[in-house]
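The file run-v2.cif contains mmCIF, C-alpha atoms:
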```cif
data_query
#
loop_
_atom_site.label_atom_id
_atom_site.label_comp_id
_atom_site.auth_asym_id
_atom_site.auth_seq_id
_atom_site.Cartn_x
_atom_site.Cartn_y
_atom_site.Cartn_z
CA MET A 1 -19.27 -6.56 9.19
CA SER A 2 -17.02 -3.76 10.33
CA SER A 3 -16.33 -0.92 7.94
CA VAL A 4 -12.89 -0.56 9.57
CA PHE A 5 -11.92 -3.92 8.09
CA THR A 6 -13.42 -2.89 4.77
CA ALA A 7 -11.26 0.27 4.83
CA SER A 8 -8.14 -1.74 5.69
CA PHE A 9 -8.99 -4.25 2.93
CA ILE A 10 -9.30 -1.44 0.37
CA THR A 11 -6.07 0.16 1.66
CA LEU A 12 -4.19 -3.11 1.20
CA ALA A 13 -5.63 -3.51 -2.30
CA ILE A 14 -4.36 -0.02 -3.22
CA VAL A 15 -0.89 -0.78 -1.80
CA GLY A 16 -0.85 -4.00 -3.82
CA MET A 17 -1.91 -2.11 -6.95
CA ALA A 18 0.93 0.37 -6.41
CA ASP A 19 3.44 -2.48 -6.03
CA ALA A 20 2.25 -4.47 -9.06
CA GLY A 21 1.61 -1.28 -11.05
CA TYR A 22 5.22 -0.20 -10.53
CA LEU A 23 6.44 -3.52 -12.00
CA VAL A 24 4.01 -3.21 -14.94
CA TRP A 25 5.12 0.36 -15.59
CA LYS A 26 8.81 -0.57 -15.44
CA HIS A 27 8.33 -3.49 -17.83
CA TYR A 28 6.19 -1.80 -20.47
CA SER A 29 7.35 1.83 -20.43
CA HIS A 30 10.48 2.57 -22.46
CA LYS A 31 10.96 5.82 -20.55
CA ALA A 32 10.74 4.25 -17.09
CA GLY A 33 14.32 2.92 -16.90
CA PRO A 34 15.43 -0.12 -14.93
CA LEU A 35 13.77 -1.39 -11.74
CA VAL A 36 14.98 0.46 -8.63
CA CYS A 37 15.13 -2.02 -5.76
CA PRO A 38 15.32 -0.60 -2.19
CA LEU A 39 17.72 -3.46 -1.43
CA ASP A 40 19.94 -2.54 -4.42
CA HIS A 41 19.24 -6.01 -5.73
CA ASP A 42 18.80 -7.06 -9.34
CA CYS A 43 15.10 -7.95 -9.41
CA SER A 44 15.20 -8.50 -13.18
CA LYS A 45 16.67 -11.99 -12.65
CA VAL A 46 13.22 -12.87 -11.34
CA THR A 47 10.96 -10.48 -13.25
CA GLU A 48 12.50 -11.40 -16.62
CA SER A 49 12.93 -15.11 -15.94
CA ARG A 50 11.01 -17.83 -17.77
CA TRP A 51 8.69 -17.99 -14.75
CA SER A 52 7.59 -14.38 -15.19
CA SER A 53 4.39 -15.26 -17.07
CA THR A 54 1.43 -17.53 -16.39
CA PHE A 55 -0.50 -18.64 -19.47
CA TRP A 56 1.23 -15.93 -21.54
CA VAL A 57 0.15 -13.17 -19.14
CA ARG A 58 2.87 -11.51 -17.10
CA ASN A 59 2.59 -12.13 -13.37
CA GLU A 60 2.66 -8.43 -12.46
CA VAL A 61 -0.31 -7.84 -14.80
CA LEU A 62 -2.16 -10.71 -13.12
CA GLY A 63 -1.25 -9.23 -9.73
CA PHE A 64 -2.47 -5.78 -10.71
CA LEU A 65 -5.79 -7.22 -11.95
CA PHE A 66 -6.10 -9.26 -8.74
CA TYR A 67 -5.62 -6.21 -6.52
CA LEU A 68 -7.94 -4.15 -8.73
CA SER A 69 -10.65 -6.81 -8.39
CA MET A 70 -10.14 -6.84 -4.61
CA LEU A 71 -10.50 -3.04 -4.55
CA VAL A 72 -13.71 -3.13 -6.59
CA ALA A 73 -15.06 -6.03 -4.48
CA GLY A 74 -14.32 -4.09 -1.27
CA LEU A 75 -16.18 -1.04 -2.56
CA VAL A 76 -19.12 -3.08 -3.86
CA MET A 77 -19.33 -4.99 -0.55
CA PHE A 78 -19.55 -1.75 1.40
CA PHE A 79 -22.25 -0.19 -0.75
CA MET A 80 -24.18 -3.43 -1.45
CA PRO A 81 -23.49 -5.62 1.61
CA GLY A 82 -26.08 -8.31 0.80
CA LEU A 83 -24.98 -8.82 -2.81
CA LEU A 84 -24.91 -12.40 -4.14
CA LEU A 85 -22.76 -13.47 -7.09
CA LEU A 86 -23.39 -16.92 -8.60
CA SER A 87 -25.68 -17.55 -5.58
CA LEU A 88 -22.73 -17.00 -3.21
CA PRO A 89 -22.24 -14.07 -0.81
CA LEU A 90 -19.66 -11.60 -2.11
CA THR A 91 -17.68 -11.84 1.14
CA LEU A 92 -17.24 -15.60 0.66
CA LEU A 93 -16.02 -15.03 -2.90
CA MET A 94 -13.57 -12.42 -1.61
CA LYS A 95 -12.21 -14.90 0.94
CA LEU A 96 -11.84 -17.56 -1.75
CA ALA A 97 -10.17 -15.12 -4.16
CA ALA A 98 -7.78 -13.84 -1.49
CA GLY A 99 -6.98 -17.44 -0.54
CA ALA A 100 -6.28 -18.32 -4.18
CA GLY A 101 -4.06 -15.24 -4.47
CA LEU A 102 -2.16 -16.31 -1.37
CA LEU A 103 -1.63 -19.83 -2.76
CA PHE A 104 -0.33 -18.38 -6.03
CA SER A 105 2.00 -16.05 -4.07
CA LEU A 106 3.32 -19.03 -2.10
CA PHE A 107 3.93 -20.86 -5.37
CA LEU A 108 5.88 -17.87 -6.73
CA ILE A 109 7.98 -17.72 -3.55
CA TRP A 110 8.73 -21.43 -3.98
CA VAL A 111 9.77 -20.71 -7.59
CA GLN A 112 12.11 -17.93 -6.44
CA ILE A 113 13.74 -20.11 -3.79
CA TYR A 114 14.06 -23.45 -5.57
CA LYS A 115 13.93 -22.70 -9.31
CA ILE A 116 15.40 -19.23 -9.88
CA LYS A 117 17.47 -19.28 -6.67
CA ASP A 118 17.14 -15.53 -6.38
CA TYR A 119 14.54 -13.12 -5.08
CA CYS A 120 12.64 -10.00 -6.13
CA PHE A 121 11.89 -7.43 -3.42
CA TYR A 122 8.63 -6.25 -4.99
CA CYS A 123 7.43 -9.84 -5.46
CA MET A 124 8.02 -10.47 -1.75
CA ILE A 125 6.14 -7.28 -0.86
CA SER A 126 3.28 -8.44 -3.09
CA ALA A 127 3.21 -11.81 -1.31
CA LEU A 128 3.11 -10.04 2.06
CA VAL A 129 0.24 -7.78 0.94
CA THR A 130 -1.66 -10.82 -0.37
CA LEU A 131 -1.17 -12.59 2.97
CA LEU A 132 -2.50 -9.52 4.81
CA LEU A 133 -5.43 -9.29 2.37
CA PHE A 134 -6.32 -12.92 3.07
CA VAL A 135 -6.15 -12.45 6.85
CA ASN A 136 -8.18 -9.24 6.50
CA SER A 137 -10.77 -11.00 4.35
CA LEU A 138 -11.49 -13.42 7.24
CA TYR A 139 -12.84 -10.45 9.23
CA LEU A 140 -15.17 -9.18 6.51
CA MET B 1 28.46 -9.06 7.90
CA LYS B 2 28.91 -11.61 5.16
CA LEU B 3 25.20 -12.41 5.20
CA LYS B 4 24.34 -8.71 5.12
CA LYS B 5 26.49 -8.20 2.01
CA GLN B 6 24.93 -11.20 0.32
CA ILE B 7 21.37 -9.99 0.86
CA CYS B 8 21.60 -6.28 0.18
CA ASP B 9 23.03 -2.85 0.54
CA CYS B 10 20.16 -1.69 2.73
CA SER B 11 20.79 2.08 2.63
CA ASN B 12 17.69 2.62 0.46
CA LEU B 13 15.50 0.34 2.53
CA ALA B 14 14.91 2.74 5.44
CA PRO B 15 13.36 5.50 3.27
CA PHE B 16 11.19 2.86 1.56
CA ILE B 17 9.91 1.58 4.92
CA LEU B 18 9.28 5.14 6.13
CA ARG B 19 7.36 5.96 2.92
CA VAL B 20 5.11 2.92 3.35
CA ALA B 21 4.77 3.59 7.10
CA LEU B 22 3.41 7.05 6.32
CA ALA B 23 1.42 6.18 3.21
CA VAL B 24 -0.62 3.32 4.67
CA PRO B 25 -2.15 5.34 7.57
CA PHE B 26 -2.93 8.22 5.19
CA LEU B 27 -4.68 5.88 2.74
CA PHE B 28 -6.54 4.08 5.54
CA VAL B 29 -7.76 7.32 7.14
CA ALA B 30 -8.90 8.71 3.79
CA ILE B 31 -10.82 5.55 2.89
CA ASP B 32 -12.34 5.10 6.35
CA ALA B 33 -13.39 8.78 6.42
CA ALA B 34 -15.15 8.23 3.09
CA LEU B 35 -16.85 5.02 4.27
CA GLN B 36 -17.87 6.16 7.77
CA PRO B 37 -17.53 9.97 8.01
CA GLU B 38 -19.39 10.08 11.34
CA ALA B 39 -16.35 8.49 13.03
CA TRP B 40 -14.05 11.29 11.89
CA VAL B 41 -16.15 14.42 11.76
CA GLY B 42 -15.65 15.03 15.51
CA PHE B 43 -11.98 15.76 14.95
CA ILE B 44 -12.71 18.85 12.86
CA PRO B 45 -12.32 21.89 15.15
CA SER B 46 -15.43 23.98 15.77
CA PHE B 47 -13.86 27.19 14.48
CA VAL B 48 -13.52 25.49 11.07
CA THR B 49 -17.07 24.09 11.03
CA SER B 50 -18.39 27.55 11.92
CA ILE B 51 -17.04 28.74 8.56
CA LEU B 52 -17.38 25.70 6.30
CA PRO B 53 -19.67 22.63 6.29
CA ALA B 54 -18.06 19.73 8.21
CA SER B 55 -18.76 17.26 5.39
CA LEU B 56 -16.91 19.46 2.90
CA VAL B 57 -13.88 19.88 5.19
CA LEU B 58 -13.78 16.14 5.89
CA ALA B 59 -14.02 15.27 2.19
CA ALA B 60 -11.27 17.75 1.31
CA HIS B 61 -9.02 16.44 4.07
CA ALA B 62 -9.66 12.83 3.06
CA LEU B 63 -8.78 13.70 -0.53
CA MET B 64 -5.57 15.37 0.62
CA ASP B 65 -4.65 12.34 2.78
CA PHE B 66 -5.38 9.99 -0.12
CA THR B 67 -3.23 12.08 -2.49
CA LEU B 68 -0.38 12.22 0.04
CA GLY B 69 -0.59 8.45 0.52
CA LEU B 70 -0.32 7.74 -3.20
CA TRP B 71 2.42 10.37 -3.59
CA LEU B 72 4.48 8.77 -0.83
CA LEU B 73 4.04 5.32 -2.36
CA SER B 74 5.13 6.61 -5.77
CA GLY B 75 8.56 7.69 -4.50
CA TRP B 76 8.45 10.81 -6.72
CA LYS B 77 9.98 13.90 -5.03
CA THR B 78 9.55 12.23 -1.66
CA LYS B 79 11.01 15.08 0.39
CA TYR B 80 8.14 17.38 -0.63
CA ALA B 81 5.53 14.71 0.07
CA ALA B 82 7.13 14.05 3.46
CA ALA B 83 7.29 17.78 4.29
CA LEU B 84 3.60 18.25 3.42
CA SER B 85 2.79 15.15 5.48
CA ALA B 86 4.64 16.64 8.44
CA ILE B 87 2.73 19.94 8.13
CA ASN B 88 -0.54 18.01 7.82
CA LEU B 89 0.18 15.90 10.89
CA ALA B 90 1.42 18.87 12.95
CA THR B 91 -1.83 20.70 12.14
CA ILE B 92 -3.91 17.66 13.16
CA ILE B 93 -2.03 17.41 16.47
CA VAL B 94 -2.30 21.13 17.29
CA VAL B 95 -6.04 21.42 16.59
CA ASN B 96 -6.85 18.16 18.41
CA LEU B 97 -4.83 18.60 21.58
CA PHE B 98 -8.05 18.07 23.56
CA ALA B 99 -8.00 14.45 22.36
CA LEU B 100 -4.36 13.79 23.16
CA GLU B 101 -5.02 10.20 24.28
CA ILE B 102 -6.02 9.42 20.67
CA ILE B 103 -3.86 11.88 18.79
CA PHE B 104 -0.56 11.03 20.50
CA ARG B 105 0.02 8.32 17.89
CA ASP B 106 0.20 11.05 15.28
CA VAL B 107 3.26 12.42 17.09
CA GLY B 108 5.06 9.23 16.06
CA LEU B 109 3.86 9.67 12.48
CA LEU B 110 4.99 13.32 12.52
CA LEU B 111 8.49 12.25 13.59
CA THR B 112 8.43 9.57 10.87
CA ALA B 113 7.65 12.25 8.30
CA LEU B 114 10.45 14.47 9.63
CA ALA B 115 12.88 11.53 9.50
CA LEU B 116 11.93 10.99 5.86
CA VAL B 117 12.50 14.69 5.08
CA VAL B 118 15.97 14.46 6.64
CA LEU B 119 16.84 11.25 4.74
CA GLU B 120 15.60 12.61 1.40
CA TYR B 121 16.79 16.20 1.83
CA LYS B 122 19.88 15.98 -0.39
CA LYS B 123 18.46 13.67 -3.04
#
```

Show me this structure written as structure tokens.
Amino acid sequence: MSSVFTASFITLAIVGMADAGYLVWKHYSHKAGPLVCPLDHDCSKVTESRWSSTFWVRNEVLGFLFYLSMLVAGLVMFFMPGLLLLSLPLTLLMKLAAGAGLLFSLFLIWVQIYKIKDYCFYCMISALVTLLLFVNSLYL
Amino acid sequence: MKLKKQICDCSNLAPFILRVALAVPFLFVAIDAALQPEAWVGFIPSFVTSILPASLVLAAHALMDFTLGLWLLSGWKTKYAAALSAINLATIIVVNLFALEIIFRDVGLLLTALALVVLEYKK
């Protein structure tokens, strides 16, 4: 295990938290104002669509919790490298979790293309970060 | 041109990319310095370690890099974050000229920070 890949994994998790956290903040804070998209695009068509929640939990909240769990897992893995959870190595669980996150991101991209027929910049960034997290997890 | 208009007005995209391009290396360096300080401690100049403990200087610098990384990602008062980043990077380059084959990449980051200052100057 290389600690360089652990550092990059944690970095990606923090970038993902910033991305998802921005969407959470914009949705729940009354003072935050509308979403500011770097592409000057109306992301709210996606973020406020009927596909914006999964089992009554908003997708950006799920994303934030996912990245937070990846951050905690990265830190735990570094300080307790031999840790087993449910009889499985933590690194294997991280690979599985990152893979599941990537599949969910791919599903959300499919929803944007074929169901909503519009896109959200921050959702695409989140999908890219999840892809990089998954690739990074293979080197842990 | 038609496609470009359909997708976006991309004038705000360049500063966003520059912010992320600066923030990610700062966050990575801060985290890696915390996880494996022995890989970074050699870059602290000897005149600094003769005054202060190397571990303290490295921790303080990692904290500053981490703060700058988050600040750049936040997009709040970016020109100040970019200016501080440029000063930080210029200092790193000047005190590590002996390791130019490693540090020359920071010249690119310094110019990135300066480009961001220029783009954000009047906002």

Counting all atoms listed in the file, the option among A:Phe64, A:Trp51, A:Phe79, A:Phe104 closest to Ile116 of chain A: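 Smallest distance to Ile116 of chain A is found for A:Trp51.
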
Counting all atoms listed in the file, the residue of A:Ser87, A:Ser8, A:Ser44, A:Asn59 that sits nearest Phe134 of chain A: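 Closest to Phe134 of chain A of all the choices is A:Ser8.
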
Can you list, as a tab-separated table (two decimals) with C-alpha atoms, keeping the file's coordinate frame, the residues that the PyMOL selection byres ((chain A) within 6 of (chain B)) selects here?
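Wrote it out as out.tsv, contents follow:
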```tsv
chain	number	residue	atom	x	y	z
A	7	ALA	CA	-11.26	0.27	4.83
A	11	THR	CA	-6.07	0.16	1.66
A	38	PRO	CA	15.32	-0.60	-2.19
A	39	LEU	CA	17.72	-3.46	-1.43
A	40	ASP	CA	19.94	-2.54	-4.42
```

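Of the residues under consideration (A:Trp110, A:Tyr67, A:Phe55, A:Phe121), A:Tyr67 shows the shortest atom-to-atom contact distance to Ala18 of chain A when counting all atoms listed in the file.
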
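Between atom CA of Leu72 of chain B and atom CA of Ser105 of chain A the interatomic distance comes to 25.2 Å.
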
Which of A:Ser2, A:Ser49, A:Ser137, A:Ser69 sits closest to Leu92 of chain A [using only C-alpha atoms]: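 Using only C-alpha atoms, Leu92 of chain A sits closest to A:Ser137.
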
Of the listed residues B:Gly75, B:Leu116, B:Ile92, B:Thr49, that which approaches Phe104 of chain B most closely, counting all atoms listed in the file: B:Ile92

Pairwise distance for atom CA of His41 of chain A and atom CA of Leu23 of chain A, rounded to one decimal in Å: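 For atom CA of His41 of chain A relative to atom CA of Leu23 of chain A, the distance reads 14.5 Å.
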
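We find atom CA of Val107 of chain B and atom CA of Ser85 of chain B to be spaced 11.9 Å apart.
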
Within 10 Å of Gly42 of chain B using all atoms listed in the file, minus same-chain residues under 5 positions, as a ChimeraX atom specification: /B:37,54,58,96

Test item: which residues lie within 12 Å of (15.6, 17.0, 6.1) counting only C-alpha atoms, as a PyMOL selection string: chain B and resi 78-83+86+111-123

For the residues in that selection, give me C-alpha atoms as a PDB file, in the coordinates of the input.
```pdb
ATOM      1  CA  THR B  78       9.550  12.230  -1.660  1.00  0.00           C
ATOM      2  CA  LYS B  79      11.010  15.080   0.390  1.00  0.00           C
ATOM      3  CA  TYR B  80       8.140  17.380  -0.630  1.00  0.00           C
ATOM      4  CA  ALA B  81       5.530  14.710   0.070  1.00  0.00           C
ATOM      5  CA  ALA B  82       7.130  14.050   3.460  1.00  0.00           C
ATOM      6  CA  ALA B  83       7.290  17.780   4.290  1.00  0.00           C
ATOM      7  CA  ALA B  86       4.640  16.640   8.440  1.00  0.00           C
ATOM      8  CA  LEU B 111       8.490  12.250  13.590  1.00  0.00           C
ATOM      9  CA  THR B 112       8.430   9.570  10.870  1.00  0.00           C
ATOM     10  CA  ALA B 113       7.650  12.250   8.300  1.00  0.00           C
ATOM     11  CA  LEU B 114      10.450  14.470   9.630  1.00  0.00           C
ATOM     12  CA  ALA B 115      12.880  11.530   9.500  1.00  0.00           C
ATOM     13  CA  LEU B 116      11.930  10.990   5.860  1.00  0.00           C
ATOM     14  CA  VAL B 117      12.500  14.690   5.080  1.00  0.00           C
ATOM     15  CA  VAL B 118      15.970  14.460   6.640  1.00  0.00           C
ATOM     16  CA  LEU B 119      16.840  11.250   4.740  1.00  0.00           C
ATOM     17  CA  GLU B 120      15.600  12.610   1.400  1.00  0.00           C
ATOM     18  CA  TYR B 121      16.790  16.200   1.830  1.00  0.00           C
ATOM     19  CA  LYS B 122      19.880  15.980  -0.390  1.00  0.00           C
ATOM     20  CA  LYS B 123      18.460  13.670  -3.040  1.00  0.00           C
TER      21      LYS B 123
END
```

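Shortest atom-to-atom contact with Tyr119 of chain A among A:Val24, A:Val46, A:Ala32, A:Met17: A:Val46, counting all atoms listed in the file.
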
Near-Thr91 of chain B list (12 Å; only C-alpha atoms; drop same-chain fewer than 4 positions) as a list of chain:residue names: B:Phe43, B:Ile44, B:Pro45, B:His61, B:Leu84, B:Ser85, B:Ala86, B:Ile87, B:Val95, B:Asn96, B:Leu97, B:Ile103, B:Asp106, B:Val107, B:Leu110

Selection under test: the PyMOL selection byres ((chain A and resi 128) around 12); residues as a VMD selection string: chain A and resid 12 to 13 15 to 16 19 101 to 103 105 to 106 109 121 to 127 129 to 135

Please expand the PyMOL selection byres ((chain A and resi 73) around 12) into the concrete residues it hits in this file, giving the result as an mmCIF file with C-alpha atoms, in the coordinates of the input.
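Contents of the output file result_25.cif:
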```cif
data_model
loop_
_atom_site.group_PDB
_atom_site.id
_atom_site.type_symbol
_atom_site.label_atom_id
_atom_site.label_comp_id
_atom_site.auth_asym_id
_atom_site.auth_seq_id
_atom_site.Cartn_x
_atom_site.Cartn_y
_atom_site.Cartn_z
ATOM 1 C CA THR A 6 -13.420 -2.890 4.770
ATOM 2 C CA ALA A 7 -11.260 0.270 4.830
ATOM 3 C CA PHE A 9 -8.990 -4.250 2.930
ATOM 4 C CA ILE A 10 -9.300 -1.440 0.370
ATOM 5 C CA ALA A 13 -5.630 -3.510 -2.300
ATOM 6 C CA LEU A 65 -5.790 -7.220 -11.950
ATOM 7 C CA PHE A 66 -6.100 -9.260 -8.740
ATOM 8 C CA TYR A 67 -5.620 -6.210 -6.520
ATOM 9 C CA LEU A 68 -7.940 -4.150 -8.730
ATOM 10 C CA SER A 69 -10.650 -6.810 -8.390
ATOM 11 C CA MET A 70 -10.140 -6.840 -4.610
ATOM 12 C CA LEU A 71 -10.500 -3.040 -4.550
ATOM 13 C CA VAL A 72 -13.710 -3.130 -6.590
ATOM 14 C CA GLY A 74 -14.320 -4.090 -1.270
ATOM 15 C CA LEU A 75 -16.180 -1.040 -2.560
ATOM 16 C CA VAL A 76 -19.120 -3.080 -3.860
ATOM 17 C CA MET A 77 -19.330 -4.990 -0.550
ATOM 18 C CA PHE A 78 -19.550 -1.750 1.400
ATOM 19 C CA PHE A 79 -22.250 -0.190 -0.750
ATOM 20 C CA MET A 80 -24.180 -3.430 -1.450
ATOM 21 C CA PRO A 81 -23.490 -5.620 1.610
ATOM 22 C CA LEU A 83 -24.980 -8.820 -2.810
ATOM 23 C CA LEU A 84 -24.910 -12.400 -4.140
ATOM 24 C CA LEU A 85 -22.760 -13.470 -7.090
ATOM 25 C CA PRO A 89 -22.240 -14.070 -0.810
ATOM 26 C CA LEU A 90 -19.660 -11.600 -2.110
ATOM 27 C CA THR A 91 -17.680 -11.840 1.140
ATOM 28 C CA LEU A 92 -17.240 -15.600 0.660
ATOM 29 C CA LEU A 93 -16.020 -15.030 -2.900
ATOM 30 C CA MET A 94 -13.570 -12.420 -1.610
ATOM 31 C CA LYS A 95 -12.210 -14.900 0.940
ATOM 32 C CA ALA A 97 -10.170 -15.120 -4.160
ATOM 33 C CA ALA A 98 -7.780 -13.840 -1.490
ATOM 34 C CA SER A 137 -10.770 -11.000 4.350
ATOM 35 C CA LEU A 140 -15.170 -9.180 6.510
#
```

The centre and edge lengths of an axis-aligned box containing all atoms of segment 90-107 of chain B present in the file, extended by 6 Å on each side, are to be given in Å to one decimal, as AutoDock Vina command-line options.
```
--center_x -2.4 --center_y 14.9 --center_z 18.2 --size_x 23.3 --size_y 25.1 --size_z 24.1
```

How about completing segment 73-82 of chain A with all heavy atoms and giving it to me as a PDB file, keeping the file's coordinate frame?
```
ATOM      1  N   ALA A  73     -14.224  -5.177  -5.343  1.00  0.00           N
ATOM      2  CA  ALA A  73     -15.060  -6.030  -4.480  1.00  0.00           C
ATOM      3  C   ALA A  73     -15.263  -5.373  -3.109  1.00  0.00           C
ATOM      4  O   ALA A  73     -16.373  -5.411  -2.556  1.00  0.00           O
ATOM      5  CB  ALA A  73     -14.413  -7.400  -4.322  1.00  0.00           C
ATOM      6  N   GLY A  74     -14.211  -4.766  -2.571  1.00  0.00           N
ATOM      7  CA  GLY A  74     -14.320  -4.090  -1.270  1.00  0.00           C
ATOM      8  C   GLY A  74     -15.315  -2.940  -1.325  1.00  0.00           C
ATOM      9  O   GLY A  74     -16.136  -2.777  -0.412  1.00  0.00           O
ATOM     10  N   LEU A  75     -15.258  -2.174  -2.413  1.00  0.00           N
ATOM     11  CA  LEU A  75     -16.180  -1.040  -2.560  1.00  0.00           C
ATOM     12  C   LEU A  75     -17.610  -1.527  -2.745  1.00  0.00           C
ATOM     13  O   LEU A  75     -18.548  -1.005  -2.129  1.00  0.00           O
ATOM     14  CB  LEU A  75     -15.752  -0.166  -3.748  1.00  0.00           C
ATOM     15  CG  LEU A  75     -14.467   0.639  -3.554  1.00  0.00           C
ATOM     16  CD1 LEU A  75     -14.015   1.278  -4.860  1.00  0.00           C
ATOM     17  CD2 LEU A  75     -14.667   1.718  -2.486  1.00  0.00           C
ATOM     18  N   VAL A  76     -17.774  -2.543  -3.607  1.00  0.00           N
ATOM     19  CA  VAL A  76     -19.120  -3.080  -3.860  1.00  0.00           C
ATOM     20  C   VAL A  76     -19.698  -3.661  -2.563  1.00  0.00           C
ATOM     21  O   VAL A  76     -20.867  -3.453  -2.245  1.00  0.00           O
ATOM     22  CB  VAL A  76     -19.070  -4.170  -4.965  1.00  0.00           C
ATOM     23  CG1 VAL A  76     -20.402  -4.906  -5.063  1.00  0.00           C
ATOM     24  CG2 VAL A  76     -18.719  -3.538  -6.305  1.00  0.00           C
ATOM     25  N   MET A  77     -18.853  -4.379  -1.794  1.00  0.00           N
ATOM     26  CA  MET A  77     -19.330  -4.990  -0.550  1.00  0.00           C
ATOM     27  C   MET A  77     -19.825  -3.941   0.434  1.00  0.00           C
ATOM     28  O   MET A  77     -20.806  -4.154   1.136  1.00  0.00           O
ATOM     29  CB  MET A  77     -18.196  -5.795   0.085  1.00  0.00           C
ATOM     30  CG  MET A  77     -18.643  -6.685   1.219  1.00  0.00           C
ATOM     31  SD  MET A  77     -17.243  -7.255   2.151  1.00  0.00           S
ATOM     32  CE  MET A  77     -16.746  -5.765   2.953  1.00  0.00           C
ATOM     33  N   PHE A  78     -19.135  -2.795   0.459  1.00  0.00           N
ATOM     34  CA  PHE A  78     -19.550  -1.750   1.400  1.00  0.00           C
ATOM     35  C   PHE A  78     -20.891  -1.145   1.000  1.00  0.00           C
ATOM     36  O   PHE A  78     -21.762  -0.925   1.844  1.00  0.00           O
ATOM     37  CB  PHE A  78     -18.492  -0.652   1.486  1.00  0.00           C
ATOM     38  CG  PHE A  78     -18.849   0.415   2.481  1.00  0.00           C
ATOM     39  CD1 PHE A  78     -18.663   0.204   3.845  1.00  0.00           C
ATOM     40  CD2 PHE A  78     -19.416   1.612   2.074  1.00  0.00           C
ATOM     41  CE1 PHE A  78     -19.033   1.164   4.764  1.00  0.00           C
ATOM     42  CE2 PHE A  78     -19.778   2.581   2.993  1.00  0.00           C
ATOM     43  CZ  PHE A  78     -19.577   2.359   4.348  1.00  0.00           C
ATOM     44  N   PHE A  79     -21.035  -0.873  -0.298  1.00  0.00           N
ATOM     45  CA  PHE A  79     -22.250  -0.190  -0.750  1.00  0.00           C
ATOM     46  C   PHE A  79     -23.423  -1.135  -0.980  1.00  0.00           C
ATOM     47  O   PHE A  79     -24.571  -0.720  -0.957  1.00  0.00           O
ATOM     48  CB  PHE A  79     -21.953   0.640  -2.006  1.00  0.00           C
ATOM     49  CG  PHE A  79     -21.053   1.815  -1.711  1.00  0.00           C
ATOM     50  CD1 PHE A  79     -19.733   1.829  -2.112  1.00  0.00           C
ATOM     51  CD2 PHE A  79     -21.531   2.906  -0.993  1.00  0.00           C
ATOM     52  CE1 PHE A  79     -18.897   2.910  -1.820  1.00  0.00           C
ATOM     53  CE2 PHE A  79     -20.705   3.994  -0.696  1.00  0.00           C
ATOM     54  CZ  PHE A  79     -19.396   3.987  -1.105  1.00  0.00           C
ATOM     55  N   MET A  80     -23.117  -2.432  -1.264  1.00  0.00           N
ATOM     56  CA  MET A  80     -24.180  -3.430  -1.450  1.00  0.00           C
ATOM     57  C   MET A  80     -23.844  -4.661  -0.620  1.00  0.00           C
ATOM     58  O   MET A  80     -23.449  -5.698  -1.154  1.00  0.00           O
ATOM     59  CB  MET A  80     -24.296  -3.788  -2.938  1.00  0.00           C
ATOM     60  CG  MET A  80     -24.850  -2.673  -3.795  1.00  0.00           C
ATOM     61  SD  MET A  80     -24.987  -3.152  -5.527  1.00  0.00           S
ATOM     62  CE  MET A  80     -23.378  -2.741  -6.143  1.00  0.00           C
ATOM     63  N   PRO A  81     -23.986  -4.557   0.722  1.00  0.00           N
ATOM     64  CA  PRO A  81     -23.490  -5.620   1.610  1.00  0.00           C
ATOM     65  C   PRO A  81     -24.156  -6.981   1.412  1.00  0.00           C
ATOM     66  O   PRO A  81     -23.551  -7.997   1.681  1.00  0.00           O
ATOM     67  CB  PRO A  81     -23.761  -5.061   3.011  1.00  0.00           C
ATOM     68  CG  PRO A  81     -24.702  -3.941   2.839  1.00  0.00           C
ATOM     69  CD  PRO A  81     -24.555  -3.421   1.458  1.00  0.00           C
ATOM     70  N   GLY A  82     -25.390  -7.018   0.936  1.00  0.00           N
ATOM     71  CA  GLY A  82     -26.080  -8.310   0.800  1.00  0.00           C
ATOM     72  C   GLY A  82     -25.957  -8.925  -0.582  1.00  0.00           C
ATOM     73  O   GLY A  82     -26.645  -9.897  -0.907  1.00  0.00           O
TER      74      GLY A  82
END
```
